[in-house]
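Structure file upload.txt with compact mmCIF, C-alpha atoms:
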# COMPACT_ATOMS: atom_id res chain seq x y z
CA MET A 1 19.06 -1.37 30.80
CA GLY A 2 20.47 -0.44 27.38
CA ALA A 3 18.13 -2.93 25.70
CA ALA A 4 15.14 -1.36 27.44
CA ALA A 5 16.14 2.07 26.11
CA ILE A 6 16.40 0.69 22.56
CA ILE A 7 12.99 -0.94 22.81
CA SER A 8 11.49 2.28 24.16
CA LEU A 9 12.99 4.29 21.29
CA ALA A 10 11.63 1.78 18.77
CA GLU A 11 8.21 1.93 20.43
CA VAL A 12 8.25 5.73 20.32
CA ARG A 13 9.12 5.71 16.61
CA GLU A 14 6.43 3.13 15.91
CA GLY A 15 3.90 5.20 17.87
CA LYS A 16 4.78 8.37 15.93
CA GLN A 17 4.55 6.50 12.64
CA ARG A 18 1.14 5.11 13.60
CA VAL A 19 -0.11 8.61 14.47
CA GLU A 20 1.16 9.93 11.11
CA HIS A 21 -0.50 7.05 9.22
CA ARG A 22 -3.81 7.69 10.96
CA ARG A 23 -3.52 11.42 10.25
CA GLN A 24 -3.07 10.64 6.56
CA LEU A 25 -6.16 8.39 6.58
CA HIS A 26 -8.16 11.04 8.44
CA GLY A 27 -7.10 13.49 5.72
CA CYS A 28 -8.71 11.21 3.12
CA VAL A 29 -11.92 11.17 5.14
CA ASP A 30 -11.86 14.96 5.62
CA TYR A 31 -11.38 15.49 1.88
CA TRP A 32 -14.29 13.13 1.20
CA LEU A 33 -16.51 14.90 3.75
CA ASP A 34 -15.80 18.20 1.97
CA ALA A 35 -16.98 16.60 -1.30
CA LEU A 36 -20.08 15.26 0.47
CA GLU A 37 -20.91 18.73 1.84
CA GLU A 38 -20.63 20.12 -1.69
CA LYS A 39 -22.99 17.45 -3.00
CA VAL A 40 -25.63 17.79 -0.26
CA LYS A 41 -26.70 21.43 -0.21
CA GLU A 42 -29.93 21.02 1.76
CA ALA A 43 -29.82 22.11 5.40
CA LYS A 44 -31.93 19.10 6.41
CA PRO A 45 -31.56 16.47 3.68
CA THR A 46 -33.84 13.45 3.63
CA LEU A 47 -32.46 10.00 4.30
CA ALA A 48 -32.79 9.21 0.59
CA GLN A 49 -30.78 12.32 -0.35
CA LEU A 50 -28.03 11.46 2.14
CA THR A 51 -27.76 7.80 1.20
CA ARG A 52 -27.70 8.66 -2.52
CA ALA A 53 -24.92 11.22 -2.01
CA VAL A 54 -22.85 8.87 0.18
CA TRP A 55 -23.40 6.02 -2.30
CA GLU A 56 -22.34 8.15 -5.27
CA LEU A 57 -19.14 9.28 -3.51
CA ARG A 58 -18.23 6.02 -1.76
CA GLN A 59 -15.63 4.93 -4.30
CA GLU A 60 -13.71 8.18 -3.95
CA LEU A 61 -13.36 7.48 -0.23
CA THR A 62 -12.55 3.77 -0.41
CA GLY A 63 -10.19 4.25 -3.35
CA SER A 64 -8.26 7.05 -1.61
CA LEU A 65 -8.08 5.07 1.66
CA THR A 66 -6.73 2.06 -0.22
CA THR A 67 -4.14 4.25 -1.97
CA ALA A 68 -3.03 5.70 1.38
CA LEU A 69 -2.80 2.24 2.97
CA LEU A 70 -0.66 0.99 0.07
CA GLU A 71 1.68 3.97 0.48
CA GLN A 72 1.97 3.33 4.20
CA GLN A 73 2.51 -0.41 4.08
CA TRP A 74 4.74 -0.52 1.00
CA LYS A 75 6.80 2.63 1.60
CA ALA A 76 10.15 0.79 1.71
CA GLU A 77 9.43 -0.95 -1.61
CA GLN A 78 8.33 2.34 -3.19
CA GLN A 79 11.70 3.84 -2.31
CA LYS A 80 13.88 1.02 -3.68
CA ARG A 81 16.55 2.27 -6.04
CA THR A 82 17.86 -1.08 -7.30
CA ALA A 83 16.37 -4.49 -8.08
CA PRO A 84 17.56 -7.70 -9.73
CA CYS A 85 16.44 -8.29 -13.30
CA PRO A 86 13.99 -11.22 -13.24
CA ARG A 87 15.51 -12.58 -16.45
CA CYS A 88 19.31 -12.27 -16.02
CA GLY A 89 19.73 -11.41 -12.33
CA ARG A 90 21.76 -8.22 -12.91
CA THR A 91 21.27 -5.43 -10.39
CA ILE A 92 19.38 -2.66 -12.17
CA ALA A 93 18.98 0.96 -11.10
CA ALA A 94 15.46 2.40 -11.01
CA ARG A 95 14.48 4.62 -13.93
CA GLY A 96 12.15 6.59 -11.69
CA VAL A 97 8.72 6.25 -10.19
CA VAL A 98 5.88 5.36 -12.53
CA SER A 99 2.28 5.63 -11.37
CA ARG A 100 -0.57 3.42 -12.42
CA THR A 101 -4.28 3.85 -11.92
CA LEU A 102 -5.80 0.52 -10.91
CA GLU A 103 -9.54 -0.02 -11.20
CA THR A 104 -10.87 -2.17 -8.36
CA VAL A 105 -14.28 -2.90 -6.84
CA VAL A 106 -13.49 -0.31 -4.13
CA GLY A 107 -12.63 2.42 -6.63
CA LYS A 108 -9.59 3.76 -8.44
CA VAL A 109 -6.34 3.12 -6.61
CA GLU A 110 -3.18 5.04 -7.48
CA LEU A 111 -0.05 2.92 -7.31
CA ALA A 112 3.29 4.75 -7.47
CA ARG A 113 6.23 2.36 -7.72
CA PRO A 114 9.79 2.29 -9.02
CA TYR A 115 10.21 1.11 -12.59
CA PHE A 116 13.32 -0.71 -13.82
CA TYR A 117 14.61 -1.50 -17.29
CA CYS A 118 17.33 -4.02 -18.08
CA VAL A 119 18.98 -2.89 -21.31
CA PRO A 120 20.80 -6.18 -22.10
CA CYS A 121 17.55 -8.16 -21.69
CA GLY A 122 15.32 -5.48 -23.20
CA GLN A 123 12.87 -5.99 -20.35
CA GLY A 124 11.10 -3.50 -18.13
CA PHE A 125 9.71 -4.51 -14.75
CA ALA A 126 8.16 -3.16 -11.58
CA PRO A 127 8.76 -5.60 -8.70
CA MET A 128 5.95 -4.09 -6.63
CA ASP A 129 3.38 -5.19 -9.20
CA ALA A 130 4.32 -8.83 -8.70
CA ALA A 131 4.63 -8.46 -4.91
CA LEU A 132 1.16 -6.91 -4.69
CA GLY A 133 -0.40 -9.37 -7.13
CA VAL A 134 -1.44 -6.58 -9.50
CA ALA A 135 -3.08 -7.48 -12.81
CA PRO A 136 -1.23 -6.38 -15.95
CA GLY A 137 -4.02 -4.03 -17.11
CA ARG A 138 -6.07 -1.37 -15.35
CA LYS A 139 -8.93 -3.68 -14.37
CA GLN A 140 -7.80 -5.66 -11.34
CA PHE A 141 -8.55 -9.26 -10.45
CA ASP A 142 -11.36 -8.46 -7.98
CA LEU A 143 -13.15 -6.46 -10.67
CA GLN A 144 -12.49 -9.12 -13.31
CA GLN A 145 -14.02 -11.78 -11.05
CA ALA A 146 -17.08 -9.61 -10.30
CA VAL A 147 -17.68 -9.06 -14.03
CA ALA A 148 -17.24 -12.77 -14.81
CA LYS A 149 -19.71 -13.78 -12.07
CA LEU A 150 -22.33 -11.35 -13.34
CA THR A 151 -21.93 -12.27 -17.02
CA ALA A 152 -22.28 -15.96 -16.12
CA GLU A 153 -25.76 -15.20 -14.77
CA VAL A 154 -27.19 -12.45 -16.97
CA PRO A 155 -26.62 -10.92 -20.44
CA TYR A 156 -23.64 -8.59 -20.84
CA GLU A 157 -25.76 -5.43 -20.99
CA THR A 158 -27.55 -6.34 -17.75
CA ALA A 159 -24.28 -7.39 -16.12
CA CYS A 160 -22.72 -3.99 -16.89
CA GLU A 161 -25.77 -2.17 -15.50
CA LEU A 162 -25.76 -4.28 -12.33
CA LEU A 163 -22.03 -3.82 -11.82
CA GLY A 164 -22.44 -0.05 -12.06
CA GLU A 165 -25.39 -0.02 -9.67
CA LEU A 166 -23.80 -2.36 -7.12
CA THR A 167 -20.20 -1.14 -7.14
CA GLY A 168 -20.16 2.21 -8.90
CA VAL A 169 -17.72 0.81 -11.48
CA GLN A 170 -18.70 1.34 -15.09
CA VAL A 171 -17.53 -1.07 -17.80
CA SER A 172 -18.60 -1.39 -21.39
CA GLU A 173 -20.15 -4.56 -22.78
CA GLN A 174 -17.01 -5.08 -24.86
CA THR A 175 -14.79 -4.80 -21.76
CA ALA A 176 -17.10 -7.17 -19.87
CA HIS A 177 -16.82 -9.67 -22.72
CA THR A 178 -13.02 -9.41 -22.82
CA LEU A 179 -12.65 -9.74 -19.03
CA THR A 180 -15.03 -12.70 -18.90
CA ASN A 181 -13.09 -14.50 -21.62
CA GLU A 182 -9.76 -13.80 -19.88
CA VAL A 183 -11.06 -15.14 -16.57
CA ALA A 184 -12.50 -18.21 -18.32
CA GLU A 185 -9.17 -18.85 -20.05
CA GLY A 186 -7.18 -18.13 -16.91
CA VAL A 187 -5.32 -15.26 -18.63
CA GLY A 188 -6.25 -12.56 -16.14
CA VAL A 189 -6.26 -14.75 -13.05
CA VAL A 190 -2.53 -14.81 -12.38
CA GLY A 191 -0.50 -11.59 -12.21
CA GLY A 192 2.03 -11.87 -14.98
CA GLY A 193 4.73 -9.49 -16.17
CA ALA A 194 4.82 -5.96 -14.87
CA HIS A 195 3.97 -3.14 -17.22
CA PRO A 196 5.02 0.44 -16.51
CA ARG A 197 1.50 1.65 -17.30
CA GLY A 198 -1.53 -0.58 -17.14
CA ASP A 199 -4.16 0.28 -19.76

Mind converting the file's structure to structure tokens?
Amino acid sequence: MGAAAIISLAEVREGKQRVEHRRQLHGCVDYWLDALEEKVKEAKPTLAQLTRAVWELRQELTGSLTTALLEQQWKAEQQKRTAPCPRCGRTIAARGVVSRTLETVVGKVELARPYFYCVPCGQGFAPMDAALGVAPGRKQFDLQQAVAKLTAEVPYETACELLGELTGVQVSEQTAHTLTNEVAEGVGVVGGGAHPRGD
């Protein structure tokens, strides 16, 4: 009977947490709907006006939803106060939370995670970056792959235009060239060392 009570308490907590998570996601959608209402002023917009407005704002919604999902599913890791140094194994205290803006095909994702610095090794690290498979720079692997696929088929200028039209992500020809070369060389394909700020 005691075990049943423990299970019920765990189920209640899980249920409350699920409700809170969904409320947070609904908040992202509500915020996005407010932005959509601001963009579409017509009382009876045409289908073209609606689809254009939704298309132009889609990355704000998908990026914010992805950020919220990361916060929900990685909450325990975001709150870690110590971690072993990957080089020497010493237990290191967190220096604080450092946020990164990650550019993905679904939009900008904000990643807040604890940052650690091992003084004897002279090495900074953010374990969540490795656990999530985050690329060292701002442009993430999904975006890098999309750019590389496009530049393999069409000139850089056209690839950048197509990427912007199809995903809403804007990259310069120089960035497209750099990302394509990194993917071709395998540099950007594997998440390497963690940087406190990805640029």

* **Closest of A:Cys118, A:Ala10, A:Leu70, A:Ala76 to Leu132 of chain A - atom-to-atom distances counting all atoms listed in the file** => A:Leu70

* **All residues 12 Å or closer to Ala112 of chain A, all atoms listed in the file, same chain fewer than 2 positions away omitted, as an MDAnalysis selection string** => chainID A and resid 67:68 70:72 74:75 77:80 96:102 109:110 114:115 126:129 196:197

* Which neighbours of segment 82-88 of chain A fall inside 9 Å, counting all atoms listed in the file, when residues of the same chain fewer than 6 positions from it are skipped, and could you give them as a PyMOL selection string? -> chain A and resi 94+114+116-118+120-121+123-125+127

* Neighbours of segment 27-36 of chain A within 7 Å (all atoms listed in the file; same-chain residues fewer than 4 positions away dropped), as a count of residues only? -> 7

* Structure fact -> What separates atom CA of Glu173 of chain A and atom CA of Thr66 of chain A is a distance of 27.1 Å

* Shell around Gln144 of chain A at 10 Å using all atoms listed in the file, local window under 6 positions removed, as a ChimeraX atom specification -> /A:103-105,135,175-176,178-183,188-189

* To do: Point out the residue among A:Trp55, A:Lys44, A:Gln145, A:Leu69 with the least atom-to-atom distance to His26 of chain A, counting all atoms listed in the file.
  =>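 Distance minimum relative to His26 of chain A lands on A:Leu69.
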
* To do: Kindly give the distance, in Å, that separates atom CA of Glu153 of chain A and atom CA of His177 of chain A, rounded to a single decimal.
  =>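 Separating atom CA of Glu153 of chain A from atom CA of His177 of chain A is a distance of 13.2 Å.
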
* Which distance in Å separates atom CA of Leu143 of chain A and atom CA of Ala159 of chain A, to one decimal? ->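 These two atoms are separated by 12.4 Å.
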
* Asked: Which residue gives the smallest distance to Arg18 of chain A among A:Gln73, A:Glu56, A:Gly122, A:Lys149, with all atoms listed in the file counted?
  ->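 Of all the options, A:Gln73 lies closest to Arg18 of chain A.
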
* Nearest candidate to Ile92 of chain A (options A:Ala131, A:Leu47, A:Leu111, A:Val119; using only C-alpha atoms) ->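 Nearest candidate to Ile92 of chain A out of A:Ala131, A:Leu47, A:Leu111, A:Val119: A:Val119.
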
Mind working out the centre and edge lengths of an axis-aligned box for segment 168-176 of chain A, all listed atoms inside, 3 Å added to each side, rounded to one decimal in Å and written as AutoDock Vina command-line options?
--center_x -17.5 --center_y -2.5 --center_z -16.9 --size_x 11.4 --size_y 15.4 --size_z 22.0

* Would you please work out which residue, of A:Lys39, A:Arg13, A:Arg90, A:Lys139, is nearest to Gly107 of chain A when using only C-alpha atoms? =>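 Counting only C-alpha atoms, the residue closest to Gly107 of chain A is A:Lys139.
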
* **For Ser172 of chain A, the nearest of the candidates A:Leu57, A:Cys160, A:Leu25, A:Ala130, counting all atoms listed in the file** =>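 For Ser172 of chain A, the nearest of the candidates is A:Cys160.
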